[in-house]
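Okay, protein01.cif now, which holds mmCIF, C-alpha atoms and all ligand atoms:
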```
data_data
#
loop_
_atom_site.label_atom_id
_atom_site.label_comp_id
_atom_site.auth_asym_id
_atom_site.auth_seq_id
_atom_site.Cartn_x
_atom_site.Cartn_y
_atom_site.Cartn_z
CA MET P 51 105.74 112.88 107.11
CA LYS P 52 108.48 110.74 105.52
CA LYS P 53 108.54 107.01 104.80
CA ILE P 54 111.30 106.54 107.32
CA ASP P 55 108.96 107.82 110.06
CA THR P 56 106.62 104.91 109.29
CA VAL P 57 109.54 102.49 109.48
CA ARG P 58 110.59 103.94 112.85
CA ALA P 59 107.03 103.73 114.14
CA ILE P 60 106.74 100.05 113.16
CA LEU P 61 110.22 98.86 114.14
CA LYS P 62 110.43 100.87 117.38
CA ASN P 63 113.50 99.72 119.32
CA GLN P 64 114.50 97.34 116.50
CA PHE P 65 115.19 100.31 114.23
CA ALA P 66 118.86 100.62 113.20
CA VAL P 67 119.73 97.27 114.78
CA PRO P 68 121.98 95.15 112.47
CA PRO P 69 120.70 91.94 110.78
CA LYS P 70 120.59 88.86 113.02
CA ASN P 71 121.04 86.41 110.14
CA ASN P 72 123.30 86.23 107.12
CA SER P 73 120.74 85.25 104.54
CA ALA P 74 116.96 84.97 104.18
CA THR P 75 114.62 83.65 101.52
CA ALA P 76 111.04 84.78 100.99
CA TYR P 77 108.25 84.49 98.47
CA ALA P 78 105.34 86.84 97.82
CA PRO P 79 102.56 86.26 95.30
CA SER P 80 101.50 88.80 92.74
CA ASN P 81 97.94 90.07 93.28
CA ILE P 82 95.22 91.24 90.94
CA ALA P 83 92.71 93.77 92.22
CA LEU P 84 89.04 92.93 91.68
CA VAL P 85 88.16 96.35 93.09
CA LYS P 86 90.96 98.70 92.13
CA TYR P 87 93.18 101.09 93.99
CA TRP P 88 93.36 104.23 91.85
CA GLY P 89 94.39 107.50 93.45
CA LYS P 90 96.40 108.51 96.51
CA ARG P 91 95.55 110.76 99.39
CA ASN P 92 99.24 110.90 100.26
CA GLN P 93 101.83 110.35 97.54
CA GLU P 94 104.88 109.97 99.77
CA LEU P 95 103.31 107.21 101.89
CA ASN P 96 101.21 105.61 99.13
CA LEU P 97 98.03 106.15 101.10
CA PRO P 98 95.00 105.40 98.94
CA VAL P 99 91.84 107.41 98.47
CA THR P 100 89.76 104.21 98.72
CA SER P 101 90.02 100.67 100.01
CA SER P 102 90.54 97.90 97.44
CA LEU P 103 90.25 94.12 97.18
CA SER P 104 92.47 91.62 95.41
CA VAL P 105 93.10 87.97 94.82
CA SER P 106 96.64 86.61 94.89
CA LEU P 107 98.15 84.60 92.07
CA LYS P 108 99.44 81.59 94.02
CA GLU P 109 102.71 80.54 92.37
CA LYS P 110 103.04 83.65 90.18
CA GLY P 111 105.10 86.09 92.17
CA ALA P 112 108.60 86.94 93.36
CA GLU P 113 111.09 84.85 95.26
CA ILE P 114 114.02 86.62 96.82
CA ILE P 115 117.22 85.48 98.48
CA LEU P 116 118.69 88.36 100.41
CA THR P 117 122.26 87.86 101.60
CA VAL P 118 124.47 90.18 103.60
CA SER P 119 127.47 91.09 101.47
CA ASP P 120 130.96 92.42 102.25
CA ARG P 121 131.11 94.37 98.99
CA SER P 122 130.78 98.16 98.97
CA THR P 123 127.58 98.30 96.90
CA ASP P 124 124.36 96.31 96.59
CA HIS P 125 124.06 93.72 93.84
CA ILE P 126 120.75 92.74 92.35
CA ILE P 127 120.34 89.71 90.16
CA LEU P 128 116.95 89.49 88.50
CA ASN P 129 116.11 86.21 86.81
CA GLY P 130 119.83 85.39 86.56
CA LYS P 131 120.91 88.77 85.16
CA GLU P 132 122.77 91.47 87.10
CA ILE P 133 120.80 94.74 87.15
CA PRO P 134 122.91 97.83 86.31
CA PRO P 135 123.12 100.39 89.18
CA THR P 136 122.04 103.14 86.77
CA SER P 137 118.63 101.51 86.10
CA ASP P 138 115.36 102.68 87.63
CA PHE P 139 114.82 99.19 89.02
CA TYR P 140 118.11 99.30 90.94
CA GLN P 141 117.42 102.82 92.23
CA ARG P 142 113.93 101.91 93.46
CA PHE P 143 115.28 98.82 95.17
CA VAL P 144 118.11 100.65 96.92
CA ASN P 145 115.90 103.58 97.97
CA PHE P 146 113.46 101.13 99.50
CA ILE P 147 116.05 99.03 101.27
CA ASN P 148 117.78 102.18 102.59
CA LEU P 149 114.71 102.84 104.72
CA PHE P 150 115.40 99.70 106.71
CA ARG P 151 119.13 99.72 107.18
CA ALA P 152 119.20 103.39 108.24
CA GLU P 153 122.72 104.18 109.38
CA ILE P 154 123.88 100.54 109.46
CA PRO P 155 126.64 100.08 106.84
CA VAL P 156 125.26 96.76 105.56
CA ARG P 157 125.09 95.86 101.85
CA PHE P 158 123.14 93.07 100.21
CA VAL P 159 123.12 90.70 97.30
CA ALA P 160 119.53 90.21 96.22
CA GLU P 161 118.73 87.33 93.92
CA ILE P 162 115.19 87.78 92.67
CA LYS P 163 113.22 85.28 90.62
CA SER P 164 110.10 86.81 89.18
CA THR P 165 107.52 84.61 87.51
CA VAL P 166 105.55 87.60 86.19
CA PRO P 167 106.78 89.94 83.43
CA VAL P 168 108.28 93.07 85.02
CA ALA P 169 106.32 96.37 84.62
CA ALA P 170 103.64 95.08 82.26
CA GLY P 171 100.74 95.86 84.56
CA LEU P 172 101.04 92.44 86.15
CA ALA P 173 101.82 93.61 89.63
CA SER P 174 105.51 92.73 89.48
CA SER P 175 106.32 95.63 91.81
CA ALA P 176 103.67 94.52 94.32
CA CYS P 177 105.13 91.04 94.79
CA GLY P 178 108.67 92.44 94.52
CA PHE P 179 108.34 94.90 97.41
CA ALA P 180 106.31 92.44 99.51
CA SER P 181 108.99 89.77 99.06
CA ILE P 182 111.72 92.23 100.12
CA VAL P 183 109.84 93.10 103.32
CA LEU P 184 109.21 89.42 104.12
CA ALA P 185 112.91 88.65 103.59
CA LEU P 186 114.04 91.64 105.71
CA ASN P 187 111.71 90.52 108.49
CA LYS P 188 113.55 87.18 108.56
CA LEU P 189 117.03 88.60 108.06
CA PHE P 190 116.69 91.12 110.91
CA ALA P 191 114.46 88.76 112.95
CA TRP P 192 111.94 91.55 113.58
CA ASN P 193 109.04 89.13 114.10
CA LEU P 194 106.52 91.66 112.86
CA ALA P 195 102.80 90.96 112.52
CA GLU P 196 101.47 90.56 108.96
CA LYS P 197 99.57 93.83 109.31
CA GLU P 198 102.83 95.64 110.01
CA LEU P 199 104.58 93.91 107.11
CA SER P 200 101.74 95.10 104.91
CA VAL P 201 102.24 98.72 106.03
CA LEU P 202 105.97 98.46 105.25
CA ALA P 203 105.39 96.85 101.83
CA ARG P 204 102.97 99.69 101.02
CA LEU P 205 105.88 102.14 101.24
CA GLY P 206 107.43 100.47 98.17
CA SER P 207 104.27 100.36 96.08
CA GLY P 208 100.66 100.71 97.21
CA SER P 209 99.42 97.40 95.88
CA ALA P 210 102.31 95.59 97.64
CA ALA P 211 100.25 96.01 100.83
CA ARG P 212 98.03 93.21 99.45
CA SER P 213 100.84 90.83 98.39
CA ILE P 214 101.68 89.60 101.89
CA TRP P 215 98.98 86.90 101.65
CA GLN P 216 97.52 84.33 99.29
CA GLY P 217 93.76 84.35 98.68
CA PHE P 218 91.45 87.37 98.87
CA VAL P 219 92.88 90.46 100.54
CA GLU P 220 91.19 93.73 101.39
CA TRP P 221 93.44 96.75 101.73
CA HIS P 222 91.79 99.17 104.15
CA ALA P 223 92.32 102.76 103.05
CA GLY P 224 92.56 103.97 106.66
CA SER P 225 92.13 107.59 107.62
CA ARG P 226 95.18 108.44 109.71
CA ASP P 227 97.78 110.86 108.37
CA ASP P 228 100.59 108.52 109.39
CA GLY P 229 98.98 105.62 107.47
CA LEU P 230 99.37 103.13 110.30
CA ASP P 231 95.74 102.07 109.75
CA SER P 232 96.25 101.54 106.00
CA PHE P 233 97.08 97.84 105.62
CA GLY P 234 95.88 94.63 104.03
CA GLU P 235 93.73 92.00 105.68
CA LYS P 236 93.15 88.49 104.40
CA LEU P 237 89.50 87.50 104.01
CA ASN P 238 88.54 84.21 105.60
CA THR P 239 86.86 82.78 102.51
CA GLU P 240 88.74 80.37 100.24
CA TRP P 241 87.42 79.87 96.72
CA THR P 242 89.55 77.21 95.07
CA ASP P 243 87.37 76.93 91.93
CA LEU P 244 87.99 80.54 90.99
CA GLY P 245 90.50 80.77 88.15
CA ILE P 246 92.56 83.71 86.96
CA GLY P 247 94.52 83.62 83.72
CA ILE P 248 96.77 86.26 82.26
CA LEU P 249 96.05 87.15 78.67
CA LEU P 250 99.32 88.65 77.58
CA MET P 251 99.25 91.12 74.68
CA THR P 252 102.80 92.28 75.28
CA ASP P 253 105.44 92.05 77.97
CA ALA P 254 106.93 95.40 76.92
CA GLU P 255 107.32 98.00 79.67
CA LYS P 256 104.25 100.16 80.10
CA SER P 257 104.06 103.53 78.36
CA ILE P 258 103.37 105.44 81.58
CA SER P 259 103.86 104.19 85.14
CA SER P 260 100.80 103.55 87.29
CA ARG P 261 102.17 106.10 89.76
CA LYS P 262 102.16 108.90 87.16
CA ALA P 263 98.92 107.83 85.51
CA MET P 264 97.14 107.69 88.87
CA GLN P 265 98.19 111.18 89.87
CA HIS P 266 97.45 112.65 86.46
CA THR P 267 93.94 111.16 86.67
CA VAL P 268 93.32 112.53 90.17
CA ASP P 269 94.58 115.94 89.09
CA THR P 270 92.77 116.32 85.77
CA SER P 271 89.86 113.90 85.28
CA PRO P 272 86.40 115.41 85.82
CA PHE P 273 85.13 111.84 86.37
CA TYR P 274 87.51 111.10 89.25
CA ALA P 275 85.01 112.67 91.68
CA THR P 276 82.68 109.72 91.08
CA TRP P 277 85.35 107.07 91.69
CA PRO P 278 85.30 106.78 95.52
CA ALA P 279 81.53 106.11 95.59
CA THR P 280 81.86 103.54 92.78
CA VAL P 281 84.54 101.73 94.77
CA ALA P 282 82.56 101.79 98.02
CA LYS P 283 79.61 100.12 96.33
CA ASP P 284 81.68 97.63 94.31
CA LEU P 285 83.60 96.59 97.42
CA GLN P 286 80.42 95.77 99.27
CA VAL P 287 78.98 93.79 96.33
CA LEU P 288 82.24 91.97 95.69
CA LYS P 289 82.59 90.89 99.30
CA SER P 290 79.10 89.45 99.29
CA ALA P 291 79.80 87.75 95.91
CA ILE P 292 82.84 86.08 97.50
CA GLU P 293 80.90 85.02 100.57
CA GLN P 294 78.13 83.51 98.46
CA ARG P 295 80.53 82.11 95.84
CA ASP P 296 78.48 83.95 93.24
CA PHE P 297 80.81 83.89 90.24
CA HIS P 298 78.67 86.02 87.92
CA LEU P 299 78.31 88.73 90.53
CA LEU P 300 82.06 88.68 91.18
CA GLY P 301 82.89 88.75 87.47
CA LYS P 302 80.56 91.52 86.45
CA THR P 303 81.48 93.70 89.43
CA ALA P 304 85.23 93.28 88.86
CA GLU P 305 84.92 93.88 85.12
CA SER P 306 82.80 97.02 85.56
CA ASN P 307 85.12 98.33 88.25
CA ALA P 308 88.13 97.99 85.93
CA MET P 309 86.23 99.70 83.11
CA ALA P 310 85.24 102.55 85.45
CA MET P 311 88.89 102.99 86.45
CA HIS P 312 89.93 103.16 82.80
CA ALA P 313 87.10 105.62 82.15
CA THR P 314 88.65 107.99 84.69
CA MET P 315 91.89 107.76 82.67
CA LEU P 316 90.13 108.24 79.37
CA SER P 317 88.60 111.43 80.72
CA ALA P 318 91.91 112.72 82.11
CA ARG P 319 93.39 115.67 80.21
CA PRO P 320 95.25 114.59 78.16
CA SER P 321 93.79 111.05 78.09
CA ILE P 322 95.63 107.94 79.12
CA ILE P 323 94.84 104.76 77.20
CA TYR P 324 96.67 101.59 78.19
CA SER P 325 94.66 99.36 75.86
CA LEU P 326 96.07 98.20 72.53
CA PRO P 327 93.80 97.30 69.61
CA GLU P 328 94.36 93.66 70.68
CA THR P 329 93.07 94.50 74.17
CA ILE P 330 89.78 95.82 72.79
CA ALA P 331 89.46 92.87 70.42
CA ALA P 332 89.92 90.48 73.36
CA MET P 333 87.28 92.33 75.40
CA LYS P 334 84.80 91.97 72.56
CA LYS P 335 85.61 88.30 72.19
CA ILE P 336 85.01 87.79 75.92
CA TRP P 337 81.64 89.55 75.69
CA GLN P 338 80.72 87.42 72.66
CA LEU P 339 81.66 84.17 74.42
CA ARG P 340 79.71 85.27 77.47
CA ALA P 341 76.66 86.03 75.33
CA GLU P 342 76.99 82.46 74.04
CA GLY P 343 76.88 81.13 77.60
CA LEU P 344 80.53 80.79 78.65
CA PRO P 345 81.02 82.25 82.15
CA ILE P 346 84.09 84.41 81.60
CA TYR P 347 84.96 87.97 82.66
CA PHE P 348 88.07 90.13 82.63
CA THR P 349 89.84 92.79 84.61
CA GLN P 350 92.58 95.18 83.46
CA ASP P 351 95.24 97.12 85.35
CA ALA P 352 97.68 99.82 84.30
CA GLY P 353 98.73 98.03 81.13
CA PRO P 354 97.32 96.52 77.95
CA ASN P 355 97.06 92.94 79.24
CA LEU P 356 93.85 91.42 80.53
CA LYS P 357 93.32 89.01 83.37
CA LEU P 358 90.55 86.51 82.71
CA LEU P 359 88.23 85.41 85.49
CA PHE P 360 86.59 82.01 85.17
CA LEU P 361 85.71 78.84 87.04
CA GLN P 362 88.32 76.06 86.96
CA GLN P 363 85.83 73.63 85.40
CA ASP P 364 85.68 75.88 82.30
CA PHE P 365 89.45 76.11 81.90
CA PRO P 366 89.67 73.57 79.02
CA THR P 367 86.99 75.45 77.05
CA ILE P 368 88.64 78.80 77.72
CA GLN P 369 91.97 77.43 76.52
CA GLN P 370 90.37 76.68 73.17
CA HIS P 371 89.74 80.40 72.73
CA PHE P 372 92.68 82.06 74.44
CA PHE P 373 96.32 81.39 75.08
CA ILE P 374 96.45 82.13 78.78
CA GLN P 375 99.33 82.02 81.21
O1 LIG H 401 100.76 99.77 93.42
P1 LIG H 401 100.87 100.50 92.15
O2 LIG H 401 101.45 101.85 92.30
O3 LIG H 401 101.59 99.66 91.11
O4 LIG H 401 99.37 100.73 91.57
C1 LIG H 401 98.54 99.66 91.18
C2 LIG H 401 97.35 100.16 90.47
C3 LIG H 401 96.48 99.12 89.79
O5 LIG H 401 97.18 97.94 89.51
C4 LIG H 401 95.98 99.69 88.47
C5 LIG H 401 95.24 98.81 90.62
C6 LIG H 401 95.44 97.90 91.80
O6 LIG H 401 94.62 98.01 92.72
O7 LIG H 401 96.34 97.06 91.81
#
```
Represent the structure from my file as structure tokens, please.
Ligand code: PMV
Amino acid sequence: MKKIDTVRAILKNQFAVPPKNNSATAYAPSNIALVKYWGKRNQELNLPVTSSLSVSLKEKGAEIILTVSDRSTDHIILNGKEIPPTSDFYQRFVNFINLFRAEIPVRFVAEIKSTVPVAAGLASSACGFASIVLALNKLFAWNLAEKELSVLARLGSGSAARSIWQGFVEWHAGSRDDGLDSFGEKLNTEWTDLGIGILLMTDAEKSISSRKAMQHTVDTSPFYATWPATVAKDLQVLKSAIEQRDFHLLGKTAESNAMAMHATMLSARPSIIYSLPETIAAMKKIWQLRAEGLPIYFTQDAGPNLKLLFLQQDFPTIQQHFFIQ
């Protein structure tokens, strides 16, 4: 099954119909998983082995202005700079957008403003692909449901399925081969006191993409077999922590889940280690501060940077110890 089949299934009789508008603007937040997505059951469609749960980063994300163009090629301007057509970024963008314009000879100018560093494990691709889908939905006037937008965003990058909403989002793994039951769903609970800060070690591009690292782990790690059961349990605990606003339970579950994910990479053959010496030093500092009574936890994705979890009331104290963004 190809990605385009999913697009056809979602768009139905709106498939291959030209855009109804000339320009559309959309914003999608970046999201950080508290229970991670790590491993695919279908690589083409980005169908995950397990469900996952994230929290969105409010004003950190991607804004896109997508305009129909009369030029012969697409133009992408990222944070004010034109992206060369030979770059991976350009290729990924065009391949994704090609799914939606099918045989229609329409070209676009995409002006993207990203407020998260690109490819540093900060979910820049998640908010990027989600923002493209939201903008296309407006440009073509598809009027799709959020669930359907989530399925389409997933075709760009798995975690993009969770970037359609603010707040807490659960991405249901689904079980169908066509993936039409693999989409995000916003949880009803709001938790405004919950803070997330990015502890940036580097904004350099990651050494190995999450796509490659994920597959290598699934293929070679003897510990991967334990991962689905770990996730099932952590998901349940995390959802009840959110419902009860139990910060310690949320923090320790998210932190352990991230460590378990990295343990599957450590045990892959050969190993994958995203952490830098600074990452480990920061983890130890967090554990020390916590032992001294400061409620602070971390999570880590496919990169060396950490995301700190805390309560807003402790933000001033945390700022004394870390430079967070
Ligand atoms: O969506 P991708 O292919 O960038 O994979 C994201 C994987 C993690 O960030 C490590 C975990 C997650 O659930 O976001």
Using all atoms listed in the file, find each residue of chain P with at least one atom at most 7 Å away from an atom of ligand LIG 401 (chain H); report its shortest atom-to-atom pair and that distance in Å (one decimal), sort the rows by chain and rising residue number, and return the result as CSV.
```
residue,atom,partner,partner_atom,distance
P:Ile82,CA,H:LIG401,O7,6.0
P:Ala83,CA,H:LIG401,O6,4.7
P:Val85,CA,H:LIG401,O6,6.7
P:Lys86,CA,H:LIG401,O6,3.8
P:Tyr87,CA,H:LIG401,O6,3.6
P:Trp88,CA,H:LIG401,C2,5.9
P:Ser102,CA,H:LIG401,O6,6.2
P:Gly171,CA,H:LIG401,O5,6.4
P:Ala173,CA,H:LIG401,O3,6.2
P:Ser175,CA,H:LIG401,O3,6.3
P:Ala176,CA,H:LIG401,O1,6.1
P:Ser207,CA,H:LIG401,O1,4.4
P:Gly208,CA,H:LIG401,O1,3.9
P:Ser209,CA,H:LIG401,O1,3.7
P:Ala210,CA,H:LIG401,O1,6.1
P:Ser260,CA,H:LIG401,O4,5.3
P:Arg261,CA,H:LIG401,O2,5.0
P:Asp351,CA,H:LIG401,C4,4.1
P:Ala352,CA,H:LIG401,C4,4.5
```
Go ahead and save the picked residues with C-alpha atoms, as a PDB file, in the frame of the given file.
```pdb
ATOM      1  CA  ILE P  82      95.220  91.240  90.940  1.00  0.00           C
ATOM      2  CA  ALA P  83      92.710  93.770  92.220  1.00  0.00           C
ATOM      3  CA  VAL P  85      88.160  96.350  93.090  1.00  0.00           C
ATOM      4  CA  LYS P  86      90.960  98.700  92.130  1.00  0.00           C
ATOM      5  CA  TYR P  87      93.180 101.090  93.990  1.00  0.00           C
ATOM      6  CA  TRP P  88      93.360 104.230  91.850  1.00  0.00           C
ATOM      7  CA  SER P 102      90.540  97.900  97.440  1.00  0.00           C
ATOM      8  CA  GLY P 171     100.740  95.860  84.560  1.00  0.00           C
ATOM      9  CA  ALA P 173     101.820  93.610  89.630  1.00  0.00           C
ATOM     10  CA  SER P 175     106.320  95.630  91.810  1.00  0.00           C
ATOM     11  CA  ALA P 176     103.670  94.520  94.320  1.00  0.00           C
ATOM     12  CA  SER P 207     104.270 100.360  96.080  1.00  0.00           C
ATOM     13  CA  GLY P 208     100.660 100.710  97.210  1.00  0.00           C
ATOM     14  CA  SER P 209      99.420  97.400  95.880  1.00  0.00           C
ATOM     15  CA  ALA P 210     102.310  95.590  97.640  1.00  0.00           C
ATOM     16  CA  SER P 260     100.800 103.550  87.290  1.00  0.00           C
ATOM     17  CA  ARG P 261     102.170 106.100  89.760  1.00  0.00           C
ATOM     18  CA  ASP P 351      95.240  97.120  85.350  1.00  0.00           C
ATOM     19  CA  ALA P 352      97.680  99.820  84.300  1.00  0.00           C
TER      20      ALA P 352
END
```
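Note that atom CA of Leu194 of chain P and atom CA of Ser80 of chain P are 20.9 Å apart.
For the residues P:Gly353, P:Gly247, P:Gly229, P:Gly234, ranking by smallest atom-to-atom distance to Leu326 of chain P using all atoms listed in the file places P:Gly353 first.
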Contacts of Val287 of chain P at 10 Å (all atoms listed in the file; same-chain gap of 6+ positions) as a PyMOL selection string: chain P and resi 281+293+299-300+303-304
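Between Lys256 of chain P and the candidates P:Asp227, P:Pro354, P:Lys236, P:Pro278, the tightest atom-to-atom separation, counting only C-alpha atoms, involves P:Pro354.
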All residues 10 Å or closer to segment 310-313 of chain P, only C-alpha atoms, same chain fewer than 3 positions away omitted, as a PyMOL selection string: chain P and resi 85-89+264+267+271+273-274+276-277+280-281+304-307+316-318+321-325+350-352
Selection file, C-alpha atoms, as a PDB file, in the coordinates of the input:
```
ATOM      1  CA  VAL P  85      88.160  96.350  93.090  1.00  0.00           C
ATOM      2  CA  LYS P  86      90.960  98.700  92.130  1.00  0.00           C
ATOM      3  CA  TYR P  87      93.180 101.090  93.990  1.00  0.00           C
ATOM      4  CA  TRP P  88      93.360 104.230  91.850  1.00  0.00           C
ATOM      5  CA  GLY P  89      94.390 107.500  93.450  1.00  0.00           C
ATOM      6  CA  MET P 264      97.140 107.690  88.870  1.00  0.00           C
ATOM      7  CA  THR P 267      93.940 111.160  86.670  1.00  0.00           C
ATOM      8  CA  SER P 271      89.860 113.900  85.280  1.00  0.00           C
ATOM      9  CA  PHE P 273      85.130 111.840  86.370  1.00  0.00           C
ATOM     10  CA  TYR P 274      87.510 111.100  89.250  1.00  0.00           C
ATOM     11  CA  THR P 276      82.680 109.720  91.080  1.00  0.00           C
ATOM     12  CA  TRP P 277      85.350 107.070  91.690  1.00  0.00           C
ATOM     13  CA  THR P 280      81.860 103.540  92.780  1.00  0.00           C
ATOM     14  CA  VAL P 281      84.540 101.730  94.770  1.00  0.00           C
ATOM     15  CA  ALA P 304      85.230  93.280  88.860  1.00  0.00           C
ATOM     16  CA  GLU P 305      84.920  93.880  85.120  1.00  0.00           C
ATOM     17  CA  SER P 306      82.800  97.020  85.560  1.00  0.00           C
ATOM     18  CA  ASN P 307      85.120  98.330  88.250  1.00  0.00           C
ATOM     19  CA  LEU P 316      90.130 108.240  79.370  1.00  0.00           C
ATOM     20  CA  SER P 317      88.600 111.430  80.720  1.00  0.00           C
ATOM     21  CA  ALA P 318      91.910 112.720  82.110  1.00  0.00           C
ATOM     22  CA  SER P 321      93.790 111.050  78.090  1.00  0.00           C
ATOM     23  CA  ILE P 322      95.630 107.940  79.120  1.00  0.00           C
ATOM     24  CA  ILE P 323      94.840 104.760  77.200  1.00  0.00           C
ATOM     25  CA  TYR P 324      96.670 101.590  78.190  1.00  0.00           C
ATOM     26  CA  SER P 325      94.660  99.360  75.860  1.00  0.00           C
ATOM     27  CA  GLN P 350      92.580  95.180  83.460  1.00  0.00           C
ATOM     28  CA  ASP P 351      95.240  97.120  85.350  1.00  0.00           C
ATOM     29  CA  ALA P 352      97.680  99.820  84.300  1.00  0.00           C
TER      30      ALA P 352
END
```
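Proximity ranking of P:Gly301, P:Gly178, P:Gly111, P:Gly130 relative to Phe146 of chain P places P:Gly178 first, based on all atoms listed in the file.
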Enclose the full set of atoms of segment 106-109 of chain P listed in the file within a box whose edges lie along x, y and z, apply 4 Å of padding to each of the six sides, and report centre and edge lengths in Å to one decimal as lines of an AutoDock Vina configuration file.
```
center_x = 99.7
center_y = 83.6
center_z = 93.5
size_x = 14.1
size_y = 14.1
size_z = 10.8
```
Contact check, segment 151-256 of chain P to segment 58-76 of chain P, at most 6 Å, counting all atoms listed in the file, closest pairs as a Markdown table:
```
| residue | atom | partner | partner_atom | distance |
| --- | --- | --- | --- | --- |
| P:Ala152 | CA | P:Ala66 | CA | 5.7 |
| P:Ser181 | CA | P:Ala76 | CA | 5.7 |
| P:Leu184 | CA | P:Ala76 | CA | 5.9 |
| P:Ala185 | CA | P:Ala76 | CA | 5.0 |
| P:Lys188 | CA | P:Ala74 | CA | 6.0 |
| P:Leu189 | CA | P:Asn71 | CA | 5.0 |
| P:Phe190 | CA | P:Pro69 | CA | 4.1 |
```
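Minimum atom-to-atom distances from P:Lys357, P:Lys90, P:His266, P:Arg340 to Arg204 of chain P were compared using only C-alpha atoms, and the lowest value belongs to P:Lys90.
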Length of the atom CA of Gly224 of chain P to atom CA of Lys53 of chain P vector [Å]: 16.4 Å
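Residues lying within 9 Å of segment 153-159 of chain P, counting all atoms listed in the file and ignoring same-chain neighbours fewer than 3 positions away, are Ala66, Val67, Pro68, Pro69, Ile115, Leu116, Thr117, Val118, Ser119, Asp120, Arg121, Ser122, Thr123, Asp124, His125, Ile126, Ile127, Asn148 and Phe150 of chain P.
Closest approach to Asp284 of chain P among P:Pro345, P:Ala254, P:Ala223, P:Thr100 is made by P:Thr100 (distances from only C-alpha atoms).
Atom CA of Leu84 of chain P is found 8.7 Å from atom CA of Leu285 of chain P.
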Render segment 97-108 of chain P from the structure in the preceding block as a file of N, CA, C and O atoms, as an mmCIF file, in the first residue's frame.
```
data_model
loop_
_atom_site.group_PDB
_atom_site.id
_atom_site.type_symbol
_atom_site.label_atom_id
_atom_site.label_comp_id
_atom_site.auth_asym_id
_atom_site.auth_seq_id
_atom_site.Cartn_x
_atom_site.Cartn_y
_atom_site.Cartn_z
ATOM 1 N N LEU P 97 3.305 3.707 10.221
ATOM 2 C CA LEU P 97 2.383 3.129 11.202
ATOM 3 C C LEU P 97 3.201 2.610 12.377
ATOM 4 O O LEU P 97 4.146 1.846 12.184
ATOM 5 N N PRO P 98 2.848 3.036 13.580
ATOM 6 C CA PRO P 98 3.675 2.707 14.738
ATOM 7 C C PRO P 98 3.373 1.329 15.322
ATOM 8 O O PRO P 98 2.265 0.807 15.163
ATOM 9 N N VAL P 99 4.360 0.797 16.022
ATOM 10 C CA VAL P 99 4.168 -0.463 16.744
ATOM 11 C C VAL P 99 3.247 -0.212 17.949
ATOM 12 O O VAL P 99 2.413 -1.035 18.286
ATOM 13 N N THR P 100 3.426 0.943 18.590
ATOM 14 C CA THR P 100 2.643 1.243 19.805
ATOM 15 C C THR P 100 1.950 2.597 19.689
ATOM 16 O O THR P 100 2.319 3.427 18.863
ATOM 17 N N SER P 101 1.010 2.836 20.568
ATOM 18 C CA SER P 101 0.444 4.176 20.716
ATOM 19 C C SER P 101 1.466 5.048 21.439
ATOM 20 O O SER P 101 2.454 4.539 21.970
ATOM 21 N N SER P 102 1.232 6.351 21.465
ATOM 22 C CA SER P 102 2.140 7.268 22.172
ATOM 23 C C SER P 102 1.344 8.470 22.663
ATOM 24 O O SER P 102 0.183 8.645 22.273
ATOM 25 N N LEU P 103 1.964 9.272 23.525
ATOM 26 C CA LEU P 103 1.233 10.415 24.101
ATOM 27 C C LEU P 103 2.161 11.617 24.224
ATOM 28 O O LEU P 103 3.291 11.477 24.693
ATOM 29 N N SER P 104 1.683 12.761 23.769
ATOM 30 C CA SER P 104 2.553 13.945 23.747
ATOM 31 C C SER P 104 1.868 15.159 24.354
ATOM 32 O O SER P 104 0.659 15.162 24.597
ATOM 33 N N VAL P 105 2.684 16.185 24.550
ATOM 34 C CA VAL P 105 2.143 17.482 24.917
ATOM 35 C C VAL P 105 2.708 18.483 23.908
ATOM 36 O O VAL P 105 3.876 18.391 23.518
ATOM 37 N N SER P 106 1.861 19.385 23.457
ATOM 38 C CA SER P 106 2.288 20.338 22.429
ATOM 39 C C SER P 106 2.934 21.563 23.063
ATOM 40 O O SER P 106 2.666 21.901 24.211
ATOM 41 N N LEU P 107 3.769 22.220 22.251
ATOM 42 C CA LEU P 107 4.610 23.301 22.797
ATOM 43 C C LEU P 107 4.072 24.710 22.536
ATOM 44 O O LEU P 107 4.859 25.624 22.341
ATOM 45 N N LYS P 108 2.779 24.844 22.530
ATOM 46 C CA LYS P 108 2.120 26.152 22.393
ATOM 47 C C LYS P 108 2.696 26.973 21.236
ATOM 48 O O LYS P 108 2.481 26.649 20.093
#
```
